[in-house]
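Trainee: See model.pdb below, with PDB, C-alpha atoms, pLDDT in the B column.
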ATOM      1  CA  SER A   2       0.000   0.000   0.000  1.00 33.00           C
ATOM      2  CA  HIS A   3       1.081   3.619  -0.321  1.00 35.00           C
ATOM      3  CA  ALA A   4       0.316   6.916   1.326  1.00 37.00           C
ATOM      4  CA  GLU A   5      -1.220   9.728  -0.669  1.00 36.00           C
ATOM      5  CA  PHE A   6      -1.345  13.346   0.405  1.00 37.00           C
ATOM      6  CA  TYR A   7      -3.484  15.959  -1.273  1.00 36.00           C
ATOM      7  CA  GLY A   8      -3.536  19.589  -0.295  1.00 37.00           C
ATOM      8  CA  ALA A   9      -3.498  23.101  -1.566  1.00 36.00           C
ATOM      9  CA  THR A  10      -0.573  25.438  -1.961  1.00 35.00           C
ATOM     10  CA  GLY A  11      -0.659  29.105  -2.782  1.00 37.00           C
ATOM     11  CA  THR A  12      -0.480  28.386  -6.512  1.00 32.00           C
ATOM     12  CA  GLY A  13      -2.887  25.490  -6.962  1.00 36.00           C
ATOM     13  CA  GLY A  14      -3.446  21.871  -6.058  1.00 37.00           C
ATOM     14  CA  LEU A  15      -0.610  19.581  -5.074  1.00 37.00           C
ATOM     15  CA  ALA A  16      -0.604  15.808  -5.025  1.00 40.00           C
ATOM     16  CA  MET A  17       2.232  13.702  -3.682  1.00 42.00           C
ATOM     17  CA  LYS A  18       2.400   9.945  -3.741  1.00 43.00           C
ATOM     18  CA  PHE A  19       4.975   8.052  -1.695  1.00 43.00           C
ATOM     19  CA  LEU A  20       5.528   4.463  -2.662  1.00 39.00           C
ATOM     20  CA  PRO A  21       7.290   2.029  -0.343  1.00 42.00           C
ATOM     21  CA  ALA A  22      10.759   0.834  -1.282  1.00 40.00           C
ATOM     22  CA  PRO A  23      10.801  -2.463  -3.198  1.00 39.00           C
ATOM     23  CA  VAL A  24      10.776  -5.473  -0.910  1.00 39.00           C
ATOM     24  CA  SER A  25      14.109  -6.732  -2.282  1.00 39.00           C
ATOM     25  CA  ALA A  26      15.899  -3.459  -1.488  1.00 41.00           C
ATOM     26  CA  PRO A  27      16.718  -2.801   2.158  1.00 41.00           C
ATOM     27  CA  ALA A  28      15.219   0.441   3.400  1.00 43.00           C
ATOM     28  CA  PRO A  29      17.739   3.119   4.365  1.00 45.00           C
ATOM     29  CA  PRO A  30      18.000   3.739   8.096  1.00 48.00           C
ATOM     30  CA  VAL A  31      15.338   6.085   9.391  1.00 48.00           C
ATOM     31  CA  GLN A  32      16.570   8.751  11.757  1.00 50.00           C
ATOM     32  CA  ALA A  33      14.798  11.693  13.277  1.00 54.00           C
ATOM     33  CA  ALA A  34      16.225  15.180  12.783  1.00 51.00           C
ATOM     34  CA  ALA A  35      17.396  15.308  16.418  1.00 53.00           C
ATOM     35  CA  GLU A  36      19.354  12.050  15.987  1.00 58.00           C
ATOM     36  CA  LEU A  37      21.016  13.357  12.823  1.00 49.00           C
ATOM     37  CA  GLN A  38      21.985  16.565  14.610  1.00 49.00           C
ATOM     38  CA  GLN A  39      23.587  14.608  17.469  1.00 54.00           C
ATOM     39  CA  GLN A  40      25.687  12.747  14.904  1.00 54.00           C
ATOM     40  CA  GLY A  41      26.866  16.025  13.399  1.00 51.00           C
ATOM     41  CA  THR A  42      24.697  15.633  10.298  1.00 61.00           C
ATOM     42  CA  VAL A  43      22.717  18.791   9.705  1.00 76.00           C
ATOM     43  CA  ALA A  44      19.743  18.755   7.357  1.00 85.00           C
ATOM     44  CA  SER A  45      19.695  21.511   4.754  1.00 91.00           C
ATOM     45  CA  TRP A  46      15.903  21.862   5.151  1.00 94.00           C
ATOM     46  CA  HIS A  47      13.061  20.372   7.192  1.00 95.00           C
ATOM     47  CA  LEU A  48       9.636  18.940   6.607  1.00 97.00           C
ATOM     48  CA  ILE A  49       7.541  19.917   9.617  1.00 97.00           C
ATOM     49  CA  TRP A  50       4.665  17.439   9.973  1.00 97.00           C
ATOM     50  CA  CYS A  51       2.043  18.901  12.289  1.00 98.00           C
ATOM     51  CA  ASP A  52      -0.654  16.320  13.018  1.00 97.00           C
ATOM     52  CA  GLU A  53      -2.038  15.055  16.315  1.00 96.00           C
ATOM     53  CA  ARG A  54      -1.560  11.466  15.071  1.00 95.00           C
ATOM     54  CA  CYS A  55       2.052  11.794  13.844  1.00 96.00           C
ATOM     55  CA  HIS A  56       3.507   9.805  16.772  1.00 95.00           C
ATOM     56  CA  LYS A  57       0.791   7.133  16.851  1.00 95.00           C
ATOM     57  CA  GLN A  58       1.361   3.540  15.743  1.00 95.00           C
ATOM     58  CA  GLU A  59      -1.309   3.903  13.025  1.00 95.00           C
ATOM     59  CA  CYS A  60       0.882   6.491  11.252  1.00 94.00           C
ATOM     60  CA  ARG A  61       4.193   4.662  11.625  1.00 95.00           C
ATOM     61  CA  SER A  62       4.466   3.552   7.982  1.00 95.00           C
ATOM     62  CA  THR A  63       3.614   7.065   6.774  1.00 95.00           C
ATOM     63  CA  LYS A  64       6.190   8.568   9.132  1.00 96.00           C
ATOM     64  CA  GLU A  65       8.874   6.135   7.973  1.00 96.00           C
ATOM     65  CA  ALA A  66       8.103   6.815   4.306  1.00 96.00           C
ATOM     66  CA  LEU A  67       8.248  10.571   4.877  1.00 96.00           C
ATOM     67  CA  MET A  68      11.575  10.244   6.709  1.00 95.00           C
ATOM     68  CA  ARG A  69      13.110   8.126   3.956  1.00 96.00           C
ATOM     69  CA  HIS A  70      12.049  10.488   1.179  1.00 96.00           C
ATOM     70  CA  VAL A  71      12.986  13.660   3.064  1.00 96.00           C
ATOM     71  CA  GLN A  72      16.417  12.257   3.976  1.00 95.00           C
ATOM     72  CA  CYS A  73      17.038  11.264   0.356  1.00 94.00           C
ATOM     73  CA  MET A  74      16.559  14.940  -0.517  1.00 93.00           C
ATOM     74  CA  GLY A  75      18.962  16.165   2.187  1.00 94.00           C
ATOM     75  CA  GLY A  76      16.273  17.129   4.670  1.00 94.00           C
ATOM     76  CA  GLY A  77      15.093  16.197   8.115  1.00 94.00           C
ATOM     77  CA  LEU A  78      11.609  15.347   9.374  1.00 96.00           C
ATOM     78  CA  ILE A  79      10.255  17.011  12.512  1.00 96.00           C
ATOM     79  CA  CYS A  80       6.969  15.626  13.850  1.00 97.00           C
ATOM     80  CA  LEU A  81       4.846  17.902  16.018  1.00 97.00           C
ATOM     81  CA  ARG A  82       1.419  16.973  17.372  1.00 96.00           C
ATOM     82  CA  LYS A  83      -0.087  20.433  17.763  1.00 97.00           C
ATOM     83  CA  ALA A  84       0.171  23.947  16.347  1.00 96.00           C
ATOM     84  CA  THR A  85       1.382  25.118  19.782  1.00 96.00           C
ATOM     85  CA  LYS A  86       4.429  22.848  19.360  1.00 96.00           C
ATOM     86  CA  PHE A  87       4.964  24.299  15.881  1.00 96.00           C
ATOM     87  CA  THR A  88       4.840  27.800  17.365  1.00 95.00           C
ATOM     88  CA  ALA A  89       7.482  26.835  19.948  1.00 95.00           C
ATOM     89  CA  TRP A  90       9.683  25.242  17.247  1.00 94.00           C
ATOM     90  CA  LEU A  91       9.362  28.326  15.055  1.00 94.00           C
ATOM     91  CA  ALA A  92      10.443  30.575  17.950  1.00 92.00           C
ATOM     92  CA  ARG A  93      13.588  28.444  18.495  1.00 91.00           C
ATOM     93  CA  ALA A  94      14.412  27.818  14.822  1.00 86.00           C
ATOM     94  CA  GLN A  95      17.161  29.906  13.282  1.00 83.00           C
ATOM     95  CA  SER A  96      15.568  30.648   9.913  1.00 74.00           C
ATOM     96  CA  PRO A  97      15.840  27.157   8.425  1.00 77.00           C
ATOM     97  CA  PRO A  98      14.191  26.478   5.099  1.00 94.00           C
ATOM     98  CA  PHE A  99      11.151  24.303   5.738  1.00 96.00           C
ATOM     99  CA  THR A 100       7.923  22.980   4.308  1.00 97.00           C
ATOM    100  CA  LEU A 101       4.888  22.679   6.553  1.00 97.00           C
ATOM    101  CA  LEU A 102       2.743  19.554   6.195  1.00 97.00           C
ATOM    102  CA  ALA A 103      -0.299  20.076   8.434  1.00 97.00           C
ATOM    103  CA  SER A 104      -3.478  18.180   9.116  1.00 97.00           C
ATOM    104  CA  TRP A 105      -6.714  20.010   8.389  1.00 95.00           C
ATOM    105  CA  ARG A 106      -7.247  20.581  12.127  1.00 96.00           C
ATOM    106  CA  GLU A 107      -3.786  22.077  12.746  1.00 97.00           C
ATOM    107  CA  ALA A 108      -3.471  24.051   9.480  1.00 97.00           C
ATOM    108  CA  LYS A 109      -5.414  27.155  10.524  1.00 96.00           C
ATOM    109  CA  PRO A 110      -3.604  27.763  13.840  1.00 97.00           C
ATOM    110  CA  CYS A 111      -0.234  27.120  12.147  1.00 97.00           C
ATOM    111  CA  VAL A 112      -0.977  29.591   9.338  1.00 96.00           C
ATOM    112  CA  GLU A 113      -2.230  32.194  11.826  1.00 96.00           C
ATOM    113  CA  VAL A 114       1.153  32.027  13.586  1.00 94.00           C
ATOM    114  CA  LEU A 115       2.949  32.458  10.259  1.00 95.00           C
ATOM    115  CA  PHE A 116       1.141  35.735   9.464  1.00 92.00           C
ATOM    116  CA  GLY A 117       3.143  37.564  12.123  1.00 87.00           C
ATOM    117  CA  GLN A 118       6.507  36.098  11.117  1.00 91.00           C
ATOM    118  CA  PRO A 119       9.240  37.732   9.042  1.00 91.00           C
ATOM    119  CA  ALA A 120       9.879  36.249   5.594  1.00 89.00           C
ATOM    120  CA  ASN A 121      12.856  34.186   6.806  1.00 88.00           C
ATOM    121  CA  LYS A 122      10.569  32.338   9.270  1.00 91.00           C
ATOM    122  CA  ARG A 123       7.940  31.355   6.699  1.00 94.00           C
ATOM    123  CA  PRO A 124       7.776  28.003   4.923  1.00 96.00           C
ATOM    124  CA  ALA A 125       8.677  27.474   1.295  1.00 95.00           C
ATOM    125  CA  LYS A 126       5.391  25.557   0.903  1.00 96.00           C
ATOM    126  CA  ILE A 127       2.374  24.668   2.988  1.00 96.00           C
ATOM    127  CA  VAL A 128       0.614  21.367   2.347  1.00 96.00           C
ATOM    128  CA  VAL A 129      -2.703  20.655   4.074  1.00 97.00           C
ATOM    129  CA  VAL A 130      -3.825  17.043   4.456  1.00 93.00           C
ATOM    130  CA  ALA A 131      -7.595  16.697   4.551  1.00 86.00           C
TER     131      ALA A 131
END
What does this structure look like when you write it as structure tokens?

Mentor:
Amino acid sequence: SHAEFYGATGTGGLAMKFLPAPVSAPAPPVQAAAELQQQGTVASWHLIWCDERCHKQECRSTKEALMRHVQCMGGGLICLRKATKFTAWLARAQSPPFTLLASWREAKPCVEVLFGQPANKRPAKIVVVA
């Protein structure tokens, strides 16, 4: 099975499809952004996944697929359950390039926080999962 994400960006619809790695090929190791940072590996950008279910077992395969694909593109995945956690991350972040992937429920409070931010604290893209 695969995970599909559909959402809107500022310029129109966006559809992404993540397919699992072939069974014969071993999956690359999955590491969270914090683990990579401890090893001295710094991601050049981040995918911020803001969804109350992001740490639940039911979303494990989606989380692993996101991590694999983001890491292959030189990025790191940061999973945050609530918009309040996103707000705290944004306050600590030092202007990293990022894309926000938010559930429908968390999208509005996340975007409201972004309105008051300078350009260097805004995401390159916002994807809303309905």

Trainee: Using Å and a single decimal, report how far CA of His56 in chain A sits from CA of Glu107 in chain A.

Mentor: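 Between CA of Glu107 in chain A and CA of His56 in chain A the gap is 14.8 Å.
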
Trainee: Pick out the residues sitting within 6 Å of range 120-126 of chain A, and hand them over as a list in words; count only C-alpha atoms, and ignore anything fewer than 5 positions along from it in its own chain.

Mentor: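 My reading of the contact set: Ser96, Phe99 and Thr100 of chain A.
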
Trainee: For the residues selected in the previous step, produce a file with C-alpha atoms as a PDB file, keeping the file's coordinate frame.

Mentor:
ATOM      1  CA  SER A  96      15.568  30.648   9.913  1.00 74.00           C
ATOM      2  CA  PHE A  99      11.151  24.303   5.738  1.00 96.00           C
ATOM      3  CA  THR A 100       7.923  22.980   4.308  1.00 97.00           C
TER       4      THR A 100
END

Trainee: So how many Å separate CA of Glu65 in chain A and CA of Val128 in chain A, to one decimal?

Mentor: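 Here the two named atoms are 18.2 Å from each other.
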
Trainee: My list of candidates is A:Ser104, A:Ser45, A:Gln118, A:Thr63. Which is closest to Ala131 in chain A when distances are computed with all atoms listed in the file?

Mentor: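 Closest to Ala131 in chain A, using all atoms listed in the file: A:Ser104.
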
Trainee: In Å, how far is it from CA of His70 in chain A to CA of Val114 in chain A?

Mentor: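 Computing the Euclidean distance for CA of His70 in chain A and CA of Val114 in chain A yields 27.1 Å.
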
Trainee: For Asp52 in chain A, please output as a PyMOL selection string all residues within 7 Å (counting only C-alpha atoms; exclusion window: fewer than 3 positions along the same chain).

Mentor: chain A and resi 55+81-83+103-104+107

Trainee: Quick check on the file I pasted: which residues fall under the PyMOL selection byres ((chain A and resi 50) around 6)? Write them as a PyMOL selection string.

Mentor: chain A and resi 49+51+80+102-103

Trainee: Here is a test: counting all atoms listed in the file, which residue of A:Leu101, A:Cys111, A:Leu67, A:Leu48 is nearest to Ile79 in chain A?

Mentor: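 The answer is A:Leu48, which sits nearest to Ile79 in chain A.
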
Trainee: Which one of A:Arg54, A:His47, A:Arg106, A:Arg69 sits closest to Trp90 in chain A if you count only C-alpha atoms?

Mentor: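 Checking each candidate against Trp90 in chain A, we get A:His47 as the closest.
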
Trainee: Could you add the missing atoms to range 88-103 of chain A, up to N, CA, C and O atoms, and return them as a short mmCIF file (atom, residue, chain, number, x, y, z; two decimals), in the frame of the given file?

Mentor:
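Dumped to part.cif:
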data_model
loop_
_atom_site.label_atom_id
_atom_site.label_comp_id
_atom_site.auth_asym_id
_atom_site.auth_seq_id
_atom_site.Cartn_x
_atom_site.Cartn_y
_atom_site.Cartn_z
N THR A 88 4.54 26.43 16.95
CA THR A 88 4.84 27.80 17.36
C THR A 88 6.12 27.85 18.18
O THR A 88 6.99 28.70 17.97
N ALA A 89 6.26 26.90 19.12
CA ALA A 89 7.48 26.84 19.95
C ALA A 89 8.70 26.51 19.08
O ALA A 89 9.77 27.11 19.26
N TRP A 90 8.56 25.59 18.13
CA TRP A 90 9.68 25.24 17.25
C TRP A 90 10.08 26.46 16.42
O TRP A 90 11.27 26.77 16.29
N LEU A 91 9.10 27.16 15.89
CA LEU A 91 9.36 28.33 15.06
C LEU A 91 10.11 29.41 15.84
O LEU A 91 11.01 30.06 15.31
N ALA A 92 9.77 29.57 17.11
CA ALA A 92 10.44 30.58 17.95
C ALA A 92 11.91 30.21 18.17
O ALA A 92 12.77 31.08 18.24
N ARG A 93 12.20 28.91 18.27
CA ARG A 93 13.59 28.44 18.50
C ARG A 93 14.39 28.34 17.20
O ARG A 93 15.61 28.43 17.22
N ALA A 94 13.73 28.07 16.10
CA ALA A 94 14.41 27.82 14.82
C ALA A 94 15.17 29.06 14.36
O ALA A 94 14.72 30.18 14.53
N GLN A 95 16.32 28.81 13.76
CA GLN A 95 17.16 29.91 13.28
C GLN A 95 17.03 30.03 11.77
O GLN A 95 17.98 29.78 11.04
N SER A 96 15.86 30.39 11.32
CA SER A 96 15.57 30.65 9.91
C SER A 96 15.90 29.50 8.98
O SER A 96 16.46 29.70 7.91
N PRO A 97 15.54 28.26 9.34
CA PRO A 97 15.84 27.16 8.43
C PRO A 97 14.81 27.10 7.31
O PRO A 97 13.64 27.44 7.52
N PRO A 98 15.20 26.69 6.13
CA PRO A 98 14.19 26.48 5.10
C PRO A 98 13.32 25.28 5.53
O PRO A 98 13.85 24.29 6.01
N PHE A 99 12.01 25.42 5.37
CA PHE A 99 11.15 24.30 5.74
C PHE A 99 9.87 24.32 4.93
O PHE A 99 9.48 25.33 4.36
N THR A 100 9.24 23.15 4.88
CA THR A 100 7.92 22.98 4.31
C THR A 100 7.03 22.51 5.43
O THR A 100 7.41 21.65 6.22
N LEU A 101 5.84 23.05 5.52
CA LEU A 101 4.89 22.68 6.55
C LEU A 101 3.86 21.72 5.97
O LEU A 101 3.21 22.04 4.97
N LEU A 102 3.75 20.55 6.55
CA LEU A 102 2.74 19.55 6.20
C LEU A 102 1.82 19.46 7.40
O LEU A 102 2.21 18.95 8.45
N ALA A 103 0.61 19.99 7.29
CA ALA A 103 -0.30 20.08 8.43
C ALA A 103 -1.61 19.38 8.16
O ALA A 103 -2.13 19.41 7.04
#
